[in-house]
file my_file.cif (mmCIF, N, CA and C atoms)
data_my_file
#
loop_
_atom_site.label_atom_id
_atom_site.label_comp_id
_atom_site.auth_asym_id
_atom_site.auth_seq_id
_atom_site.Cartn_x
_atom_site.Cartn_y
_atom_site.Cartn_z
N MET Q 366 -50.82 29.41 -32.85
CA MET Q 366 -52.17 29.58 -32.38
C MET Q 366 -53.14 29.28 -33.53
N THR Q 367 -54.14 28.47 -33.27
CA THR Q 367 -55.11 28.13 -34.30
C THR Q 367 -56.14 29.25 -34.46
N ASP Q 368 -56.87 29.21 -35.57
CA ASP Q 368 -57.94 30.20 -35.78
C ASP Q 368 -58.98 30.12 -34.68
N SER Q 369 -59.28 28.91 -34.24
CA SER Q 369 -60.27 28.71 -33.19
C SER Q 369 -59.82 29.35 -31.88
N GLN Q 370 -58.54 29.16 -31.53
CA GLN Q 370 -58.00 29.76 -30.31
C GLN Q 370 -57.98 31.28 -30.43
N PHE Q 371 -57.60 31.78 -31.61
CA PHE Q 371 -57.56 33.23 -31.83
C PHE Q 371 -58.96 33.80 -31.68
N ASN Q 372 -59.96 33.16 -32.31
CA ASN Q 372 -61.34 33.65 -32.22
C ASN Q 372 -61.86 33.60 -30.80
N ALA Q 373 -61.50 32.58 -30.03
CA ALA Q 373 -61.93 32.48 -28.64
C ALA Q 373 -61.33 33.62 -27.82
N GLY Q 374 -60.07 33.92 -28.04
CA GLY Q 374 -59.43 35.03 -27.34
C GLY Q 374 -60.04 36.36 -27.75
N LEU Q 375 -60.33 36.51 -29.03
CA LEU Q 375 -60.95 37.74 -29.54
C LEU Q 375 -62.35 37.90 -28.95
N GLU Q 376 -63.10 36.81 -28.87
CA GLU Q 376 -64.45 36.86 -28.30
C GLU Q 376 -64.39 37.27 -26.82
N ALA Q 377 -63.48 36.68 -26.06
CA ALA Q 377 -63.36 37.01 -24.64
C ALA Q 377 -62.98 38.47 -24.45
N LYS Q 378 -62.08 38.96 -25.27
CA LYS Q 378 -61.65 40.35 -25.17
C LYS Q 378 -62.78 41.30 -25.54
N ALA Q 379 -63.51 40.99 -26.61
CA ALA Q 379 -64.63 41.83 -27.04
C ALA Q 379 -65.72 41.84 -25.97
N ALA Q 380 -65.99 40.68 -25.37
CA ALA Q 380 -67.00 40.60 -24.32
C ALA Q 380 -66.59 41.44 -23.11
N ARG Q 381 -65.31 41.38 -22.76
CA ARG Q 381 -64.82 42.18 -21.62
C ARG Q 381 -64.91 43.67 -21.93
N MET Q 382 -64.54 44.06 -23.15
CA MET Q 382 -64.65 45.47 -23.54
C MET Q 382 -66.10 45.92 -23.48
N HIS Q 383 -67.02 45.06 -23.90
CA HIS Q 383 -68.44 45.38 -23.86
C HIS Q 383 -68.91 45.54 -22.42
N THR Q 384 -68.47 44.65 -21.55
CA THR Q 384 -68.84 44.73 -20.13
C THR Q 384 -68.35 46.04 -19.53
N LEU Q 385 -67.14 46.43 -19.86
CA LEU Q 385 -66.61 47.69 -19.34
C LEU Q 385 -67.41 48.88 -19.88
N GLY Q 386 -67.84 48.81 -21.12
CA GLY Q 386 -68.67 49.88 -21.69
C GLY Q 386 -70.01 49.97 -20.99
N ARG Q 387 -70.60 48.82 -20.67
CA ARG Q 387 -71.88 48.81 -19.93
C ARG Q 387 -71.69 49.38 -18.54
N LEU Q 388 -70.60 49.04 -17.89
CA LEU Q 388 -70.32 49.57 -16.56
C LEU Q 388 -70.20 51.09 -16.63
N ARG Q 389 -69.49 51.58 -17.64
CA ARG Q 389 -69.36 53.03 -17.81
C ARG Q 389 -70.75 53.65 -18.00
N GLY Q 390 -71.61 52.99 -18.79
CA GLY Q 390 -72.95 53.50 -19.02
C GLY Q 390 -73.80 53.54 -17.76
N LYS Q 391 -73.59 52.58 -16.86
CA LYS Q 391 -74.34 52.57 -15.61
C LYS Q 391 -73.83 53.63 -14.64
N LEU Q 392 -72.55 53.91 -14.68
CA LEU Q 392 -71.97 54.90 -13.77
C LEU Q 392 -72.18 56.33 -14.25
N PHE Q 393 -72.15 56.53 -15.55
CA PHE Q 393 -72.27 57.86 -16.13
C PHE Q 393 -73.51 57.87 -17.02
N PHE Q 394 -74.61 58.35 -16.48
CA PHE Q 394 -75.89 58.25 -17.16
C PHE Q 394 -76.05 59.22 -18.33
N THR Q 395 -75.21 60.23 -18.41
CA THR Q 395 -75.38 61.22 -19.47
C THR Q 395 -74.68 60.78 -20.74
N PRO Q 396 -75.21 61.17 -21.88
CA PRO Q 396 -74.61 60.78 -23.16
C PRO Q 396 -73.19 61.28 -23.37
N VAL Q 397 -72.77 62.27 -22.60
CA VAL Q 397 -71.43 62.80 -22.79
C VAL Q 397 -70.36 61.73 -22.56
N MET Q 398 -70.64 60.74 -21.75
CA MET Q 398 -69.68 59.68 -21.46
C MET Q 398 -69.99 58.38 -22.22
N ALA Q 399 -70.98 58.42 -23.07
CA ALA Q 399 -71.43 57.20 -23.74
C ALA Q 399 -70.73 57.00 -25.07
N ASP Q 400 -70.62 55.77 -25.46
CA ASP Q 400 -70.11 55.40 -26.78
C ASP Q 400 -70.97 54.24 -27.26
N ASN Q 401 -72.25 54.52 -27.42
CA ASN Q 401 -73.22 53.47 -27.71
C ASN Q 401 -72.96 52.74 -29.01
N ALA Q 402 -72.50 53.44 -30.03
CA ALA Q 402 -72.26 52.77 -31.31
C ALA Q 402 -71.16 51.72 -31.18
N MET Q 403 -70.10 52.03 -30.44
CA MET Q 403 -69.04 51.04 -30.25
C MET Q 403 -69.55 49.86 -29.45
N ASN Q 404 -70.38 50.10 -28.45
CA ASN Q 404 -70.94 48.99 -27.68
C ASN Q 404 -71.80 48.09 -28.56
N VAL Q 405 -72.57 48.69 -29.46
CA VAL Q 405 -73.37 47.90 -30.40
C VAL Q 405 -72.46 47.09 -31.31
N MET Q 406 -71.39 47.72 -31.80
CA MET Q 406 -70.44 47.01 -32.66
C MET Q 406 -69.79 45.84 -31.91
N LEU Q 407 -69.46 46.04 -30.65
CA LEU Q 407 -68.89 44.95 -29.85
C LEU Q 407 -69.91 43.83 -29.67
N SER Q 408 -71.17 44.17 -29.46
CA SER Q 408 -72.23 43.16 -29.35
C SER Q 408 -72.34 42.37 -30.64
N LEU Q 409 -72.27 43.06 -31.77
CA LEU Q 409 -72.37 42.39 -33.06
C LEU Q 409 -71.17 41.48 -33.31
N LEU Q 410 -69.99 41.92 -32.89
CA LEU Q 410 -68.81 41.08 -33.06
C LEU Q 410 -68.91 39.81 -32.20
N VAL Q 411 -69.32 39.96 -30.95
CA VAL Q 411 -69.47 38.79 -30.09
C VAL Q 411 -70.52 37.84 -30.69
N GLY Q 412 -71.62 38.40 -31.18
CA GLY Q 412 -72.64 37.57 -31.83
C GLY Q 412 -72.07 36.82 -33.02
N GLU Q 413 -71.28 37.51 -33.82
CA GLU Q 413 -70.65 36.87 -34.99
C GLU Q 413 -69.71 35.75 -34.56
N LEU Q 414 -68.89 36.01 -33.57
CA LEU Q 414 -67.92 35.01 -33.11
C LEU Q 414 -68.61 33.81 -32.47
N GLN Q 415 -69.79 34.03 -31.91
CA GLN Q 415 -70.57 32.93 -31.31
C GLN Q 415 -71.51 32.30 -32.33
N SER Q 416 -71.52 32.81 -33.55
CA SER Q 416 -72.44 32.35 -34.60
C SER Q 416 -73.89 32.45 -34.14
N SER Q 417 -74.20 33.53 -33.43
CA SER Q 417 -75.55 33.76 -32.91
C SER Q 417 -76.16 34.98 -33.59
N PRO Q 418 -77.38 34.83 -34.13
CA PRO Q 418 -78.04 36.00 -34.70
C PRO Q 418 -78.36 37.02 -33.60
N VAL Q 419 -78.29 38.29 -33.93
CA VAL Q 419 -78.52 39.36 -32.96
C VAL Q 419 -79.72 40.18 -33.43
N SER Q 420 -80.71 40.30 -32.59
CA SER Q 420 -81.90 41.07 -32.93
C SER Q 420 -81.76 42.51 -32.43
N ASP Q 421 -82.63 43.37 -32.95
CA ASP Q 421 -82.68 44.76 -32.47
C ASP Q 421 -82.93 44.79 -30.96
N THR Q 422 -83.86 43.96 -30.53
CA THR Q 422 -84.23 43.92 -29.12
C THR Q 422 -83.04 43.50 -28.26
N ALA Q 423 -82.32 42.49 -28.70
CA ALA Q 423 -81.14 42.04 -27.95
C ALA Q 423 -80.10 43.15 -27.86
N LEU Q 424 -79.92 43.89 -28.95
CA LEU Q 424 -78.96 45.01 -28.93
C LEU Q 424 -79.40 46.08 -27.94
N ALA Q 425 -80.69 46.39 -27.92
CA ALA Q 425 -81.20 47.41 -27.01
C ALA Q 425 -80.99 46.99 -25.55
N VAL Q 426 -81.36 45.74 -25.25
CA VAL Q 426 -81.24 45.25 -23.87
C VAL Q 426 -79.78 45.16 -23.45
N ALA Q 427 -78.95 44.58 -24.30
CA ALA Q 427 -77.54 44.37 -23.95
C ALA Q 427 -76.79 45.69 -23.78
N ASN Q 428 -77.27 46.74 -24.44
CA ASN Q 428 -76.55 48.00 -24.41
C ASN Q 428 -77.28 49.11 -23.67
N LEU Q 429 -78.35 48.73 -22.94
CA LEU Q 429 -79.11 49.67 -22.12
C LEU Q 429 -79.61 50.86 -22.94
N LEU Q 430 -80.16 50.56 -24.12
CA LEU Q 430 -80.63 51.60 -25.03
C LEU Q 430 -82.13 51.51 -25.22
N SER Q 431 -82.74 52.65 -25.55
CA SER Q 431 -84.14 52.63 -25.93
C SER Q 431 -84.25 52.08 -27.35
N ARG Q 432 -85.45 51.73 -27.73
CA ARG Q 432 -85.67 51.23 -29.09
C ARG Q 432 -85.27 52.29 -30.12
N ASP Q 433 -85.63 53.54 -29.86
CA ASP Q 433 -85.29 54.62 -30.80
C ASP Q 433 -83.78 54.82 -30.91
N GLU Q 434 -83.09 54.79 -29.78
CA GLU Q 434 -81.62 54.92 -29.81
C GLU Q 434 -81.00 53.78 -30.61
N THR Q 435 -81.50 52.58 -30.38
CA THR Q 435 -80.99 51.40 -31.08
C THR Q 435 -81.21 51.54 -32.58
N GLU Q 436 -82.40 51.93 -32.98
CA GLU Q 436 -82.72 52.10 -34.40
C GLU Q 436 -81.81 53.14 -35.05
N THR Q 437 -81.58 54.25 -34.36
CA THR Q 437 -80.73 55.31 -34.89
C THR Q 437 -79.30 54.81 -35.10
N ILE Q 438 -78.78 54.10 -34.12
CA ILE Q 438 -77.42 53.58 -34.22
C ILE Q 438 -77.32 52.55 -35.35
N ILE Q 439 -78.29 51.65 -35.42
CA ILE Q 439 -78.27 50.64 -36.48
C ILE Q 439 -78.30 51.33 -37.85
N ASP Q 440 -79.19 52.30 -38.01
CA ASP Q 440 -79.28 53.02 -39.28
C ASP Q 440 -77.95 53.67 -39.66
N LYS Q 441 -77.29 54.28 -38.69
CA LYS Q 441 -76.00 54.94 -38.96
C LYS Q 441 -74.92 53.91 -39.31
N LEU Q 442 -74.92 52.78 -38.64
CA LEU Q 442 -73.93 51.73 -38.94
C LEU Q 442 -74.17 51.13 -40.31
N VAL Q 443 -75.45 50.97 -40.68
CA VAL Q 443 -75.77 50.46 -42.02
C VAL Q 443 -75.32 51.47 -43.07
N GLN Q 444 -75.61 52.75 -42.86
CA GLN Q 444 -75.19 53.79 -43.80
C GLN Q 444 -73.68 53.85 -43.95
N ALA Q 445 -72.96 53.55 -42.87
CA ALA Q 445 -71.49 53.56 -42.91
C ALA Q 445 -70.92 52.29 -43.52
N GLY Q 446 -71.77 51.32 -43.83
CA GLY Q 446 -71.31 50.07 -44.42
C GLY Q 446 -70.70 49.11 -43.42
N LEU Q 447 -70.95 49.32 -42.13
CA LEU Q 447 -70.36 48.48 -41.09
C LEU Q 447 -71.29 47.38 -40.60
N ALA Q 448 -72.60 47.57 -40.81
CA ALA Q 448 -73.59 46.60 -40.36
C ALA Q 448 -74.63 46.43 -41.45
N ALA Q 449 -75.35 45.31 -41.38
CA ALA Q 449 -76.43 45.03 -42.31
C ALA Q 449 -77.57 44.39 -41.53
N THR Q 450 -78.77 44.57 -42.03
CA THR Q 450 -79.94 43.96 -41.39
C THR Q 450 -80.55 42.93 -42.33
N THR Q 451 -81.23 41.97 -41.73
CA THR Q 451 -81.96 40.98 -42.51
C THR Q 451 -83.42 41.08 -42.11
N GLY Q 452 -84.30 40.89 -43.04
CA GLY Q 452 -85.72 40.96 -42.77
C GLY Q 452 -86.25 42.38 -42.86
N ILE Q 453 -87.52 42.48 -43.20
CA ILE Q 453 -88.15 43.78 -43.39
C ILE Q 453 -88.78 44.28 -42.10
N GLU Q 454 -89.42 43.38 -41.35
CA GLU Q 454 -90.12 43.77 -40.14
C GLU Q 454 -89.12 44.01 -39.01
N PRO Q 455 -89.13 45.21 -38.41
CA PRO Q 455 -88.16 45.50 -37.34
C PRO Q 455 -88.21 44.51 -36.18
N ASP Q 456 -89.39 43.97 -35.87
CA ASP Q 456 -89.50 43.05 -34.75
C ASP Q 456 -88.92 41.67 -35.05
N ARG Q 457 -88.67 41.38 -36.31
CA ARG Q 457 -88.17 40.06 -36.68
C ARG Q 457 -86.81 40.10 -37.36
N ARG Q 458 -86.25 41.25 -37.50
CA ARG Q 458 -84.99 41.34 -38.24
C ARG Q 458 -83.80 41.08 -37.32
N THR Q 459 -82.71 40.70 -37.93
CA THR Q 459 -81.46 40.55 -37.21
C THR Q 459 -80.46 41.54 -37.79
N VAL Q 460 -79.44 41.80 -37.01
CA VAL Q 460 -78.40 42.75 -37.40
C VAL Q 460 -77.07 42.02 -37.32
N GLY Q 461 -76.21 42.28 -38.26
CA GLY Q 461 -74.89 41.66 -38.25
C GLY Q 461 -73.86 42.59 -38.86
N LEU Q 462 -72.62 42.26 -38.65
CA LEU Q 462 -71.53 43.04 -39.24
C LEU Q 462 -71.39 42.70 -40.72
N THR Q 463 -71.05 43.68 -41.50
CA THR Q 463 -70.67 43.43 -42.89
C THR Q 463 -69.24 42.91 -42.88
N PRO Q 464 -68.74 42.40 -43.99
CA PRO Q 464 -67.33 42.00 -44.02
C PRO Q 464 -66.39 43.14 -43.62
N LEU Q 465 -66.70 44.37 -44.06
CA LEU Q 465 -65.89 45.53 -43.68
C LEU Q 465 -65.97 45.77 -42.17
N GLY Q 466 -67.20 45.74 -41.63
CA GLY Q 466 -67.38 45.95 -40.20
C GLY Q 466 -66.69 44.88 -39.38
N SER Q 467 -66.78 43.64 -39.83
CA SER Q 467 -66.13 42.53 -39.13
C SER Q 467 -64.61 42.70 -39.15
N ALA Q 468 -64.06 43.01 -40.30
CA ALA Q 468 -62.60 43.16 -40.41
C ALA Q 468 -62.11 44.30 -39.52
N ARG Q 469 -62.84 45.41 -39.52
CA ARG Q 469 -62.41 46.55 -38.70
C ARG Q 469 -62.53 46.25 -37.21
N MET Q 470 -63.60 45.58 -36.80
CA MET Q 470 -63.76 45.25 -35.39
C MET Q 470 -62.73 44.22 -34.94
N ARG Q 471 -62.46 43.23 -35.77
CA ARG Q 471 -61.44 42.23 -35.42
C ARG Q 471 -60.07 42.91 -35.26
N SER Q 472 -59.78 43.83 -36.14
CA SER Q 472 -58.51 44.56 -36.05
C SER Q 472 -58.48 45.44 -34.80
N TYR Q 473 -59.57 46.15 -34.55
CA TYR Q 473 -59.65 47.04 -33.39
C TYR Q 473 -59.50 46.27 -32.08
N VAL Q 474 -60.29 45.20 -31.95
CA VAL Q 474 -60.25 44.42 -30.70
C VAL Q 474 -58.91 43.71 -30.57
N GLY Q 475 -58.40 43.19 -31.68
CA GLY Q 475 -57.11 42.49 -31.65
C GLY Q 475 -55.97 43.40 -31.25
N ASP Q 476 -56.02 44.66 -31.69
CA ASP Q 476 -54.96 45.62 -31.38
C ASP Q 476 -55.15 46.33 -30.03
N TYR Q 477 -56.35 46.22 -29.48
CA TYR Q 477 -56.66 46.91 -28.22
C TYR Q 477 -55.84 46.28 -27.10
N PRO Q 478 -55.32 47.10 -26.18
CA PRO Q 478 -54.54 46.51 -25.07
C PRO Q 478 -55.39 45.52 -24.26
N ASP Q 479 -54.76 44.53 -23.70
CA ASP Q 479 -55.49 43.55 -22.90
C ASP Q 479 -56.26 44.24 -21.78
N VAL Q 480 -57.51 43.80 -21.61
CA VAL Q 480 -58.36 44.38 -20.59
C VAL Q 480 -58.82 43.30 -19.63
#

call {"tool": "encode", "arguments": {"input": "my_file.cif", "output": "structure tokens"}}
result
Amino acid sequence: MTDSQFNAGLEAKAARMHTLGRLRGKLFFTPVMADNAMNVMLSLLVGELQSSPVSDTALAVANLLSRDETETIIDKLVQAGLAATTGIEPDRRTVGLTPLGSARMRSYVGDYPDV
């Protein structure tokens, strides 16, 4: 299997996991059933695999989050060394995985049972 084929399979799996997380979020509106940080990480991984920059706004919309929730999650992921932001202005910045965040997400999604 080539790297390109592996990345395509990883992208499809991450996208499916993200879709399932969104479905869970729509069915269970309370935070007790939510895993918003993982959904954000899946969004960032798909963005990385597609070579597409991901904005705060895109993360909020894709993950059904408020701007404040999105900012809190991004801040926690940055503090954990899993994500990094570019740009100073929140409305123009992008968010991406750090090498550590990318390696952990690739391992997690790769090891996750087929969905």

call {"tool": "atom_distance", "arguments": {"input": "my_file.cif", "atom1": "atom C of Gly446 (chain Q)", "atom2": "atom N of Thr367 (chain Q)"}}
result
28.3 Å

call {"tool": "closest_residue", "arguments": {"input": "my_file.cif", "among": "Q:Gln444, Q:Asn428, Q:Gln370, Q:Thr437", "to": "Ser408 (chain Q)", "atoms": "all atoms listed in the file"}}
result
Q:Asn428

call {"tool": "residues_around", "arguments": {"input": "my_file.cif", "residues": "Ala379 (chain Q)", "least_positions_apart": "3", "cutoff": "8 Å", "atoms": "all atoms listed in the file", "output": "PyMOL selection string"}}
result
chain Q and resi 373-376+382-385+407-408+410-411+474-475

call {"tool": "atom_distance", "arguments": {"input": "my_file.cif", "atom1": "CA of Ala468 (chain Q)", "atom2": "CA of Met366 (chain Q)"}}
result
18.9 Å

call {"tool": "atom_distance", "arguments": {"input": "my_file.cif", "atom1": "CA of Val443 (chain Q)", "atom2": "CA of Asn404 (chain Q)"}}
result
15.2 Å

call {"tool": "residues_around", "arguments": {"input": "my_file.cif", "residues": "region 415-419 of chain Q", "least_positions_apart": "3", "cutoff": "7 Å", "atoms": "all atoms listed in the file", "output": "ChimeraX atom specification"}}
result
/Q:409-412,422-424,458-461

call {"tool": "resolve_selection", "arguments": {"input": "my_file.cif", "expression": "the PyMOL selection byres ((chain Q and resi 463) around 6.5)", "output": "PyMOL selection string"}}
result
chain Q and resi 446-449+461-462+464-468

call {"tool": "build_atoms", "arguments": {"input": "my_file.cif", "residues": "region 409-422 of chain Q", "atoms": "N, CA, C and O atoms", "output": "compact mmCIF listing (two decimals), keeping the file's coordinate frame"}}
result
# COMPACT_ATOMS: atom_id res chain seq x y z
N LEU Q 409 -72.27 43.06 -31.77
CA LEU Q 409 -72.37 42.39 -33.06
C LEU Q 409 -71.17 41.48 -33.31
O LEU Q 409 -71.31 40.39 -33.86
N LEU Q 410 -69.99 41.92 -32.89
CA LEU Q 410 -68.81 41.08 -33.06
C LEU Q 410 -68.91 39.81 -32.20
O LEU Q 410 -68.63 38.71 -32.68
N VAL Q 411 -69.32 39.96 -30.95
CA VAL Q 411 -69.47 38.79 -30.09
C VAL Q 411 -70.52 37.84 -30.69
O VAL Q 411 -70.31 36.63 -30.74
N GLY Q 412 -71.62 38.40 -31.18
CA GLY Q 412 -72.64 37.57 -31.83
C GLY Q 412 -72.07 36.82 -33.02
O GLY Q 412 -72.33 35.62 -33.21
N GLU Q 413 -71.28 37.51 -33.82
CA GLU Q 413 -70.65 36.87 -34.99
C GLU Q 413 -69.71 35.75 -34.56
O GLU Q 413 -69.73 34.66 -35.12
N LEU Q 414 -68.89 36.01 -33.57
CA LEU Q 414 -67.92 35.01 -33.11
C LEU Q 414 -68.61 33.81 -32.47
O LEU Q 414 -68.07 32.70 -32.48
N GLN Q 415 -69.79 34.03 -31.91
CA GLN Q 415 -70.57 32.93 -31.31
C GLN Q 415 -71.51 32.30 -32.33
O GLN Q 415 -72.25 31.37 -31.98
N SER Q 416 -71.52 32.81 -33.55
CA SER Q 416 -72.44 32.35 -34.60
C SER Q 416 -73.89 32.45 -34.14
O SER Q 416 -74.70 31.56 -34.39
N SER Q 417 -74.20 33.53 -33.43
CA SER Q 417 -75.55 33.76 -32.91
C SER Q 417 -76.16 34.98 -33.59
O SER Q 417 -75.56 36.05 -33.60
N PRO Q 418 -77.38 34.83 -34.13
CA PRO Q 418 -78.04 36.00 -34.70
C PRO Q 418 -78.36 37.02 -33.60
O PRO Q 418 -78.63 36.64 -32.46
N VAL Q 419 -78.29 38.29 -33.93
CA VAL Q 419 -78.52 39.36 -32.96
C VAL Q 419 -79.72 40.18 -33.43
O VAL Q 419 -79.71 40.71 -34.54
N SER Q 420 -80.71 40.30 -32.59
CA SER Q 420 -81.90 41.07 -32.93
C SER Q 420 -81.76 42.51 -32.43
O SER Q 420 -80.92 42.81 -31.57
N ASP Q 421 -82.63 43.37 -32.95
CA ASP Q 421 -82.68 44.76 -32.47
C ASP Q 421 -82.93 44.79 -30.96
O ASP Q 421 -82.30 45.55 -30.24
N THR Q 422 -83.86 43.96 -30.53
CA THR Q 422 -84.23 43.92 -29.12
C THR Q 422 -83.04 43.50 -28.26
O THR Q 422 -82.78 44.10 -27.21
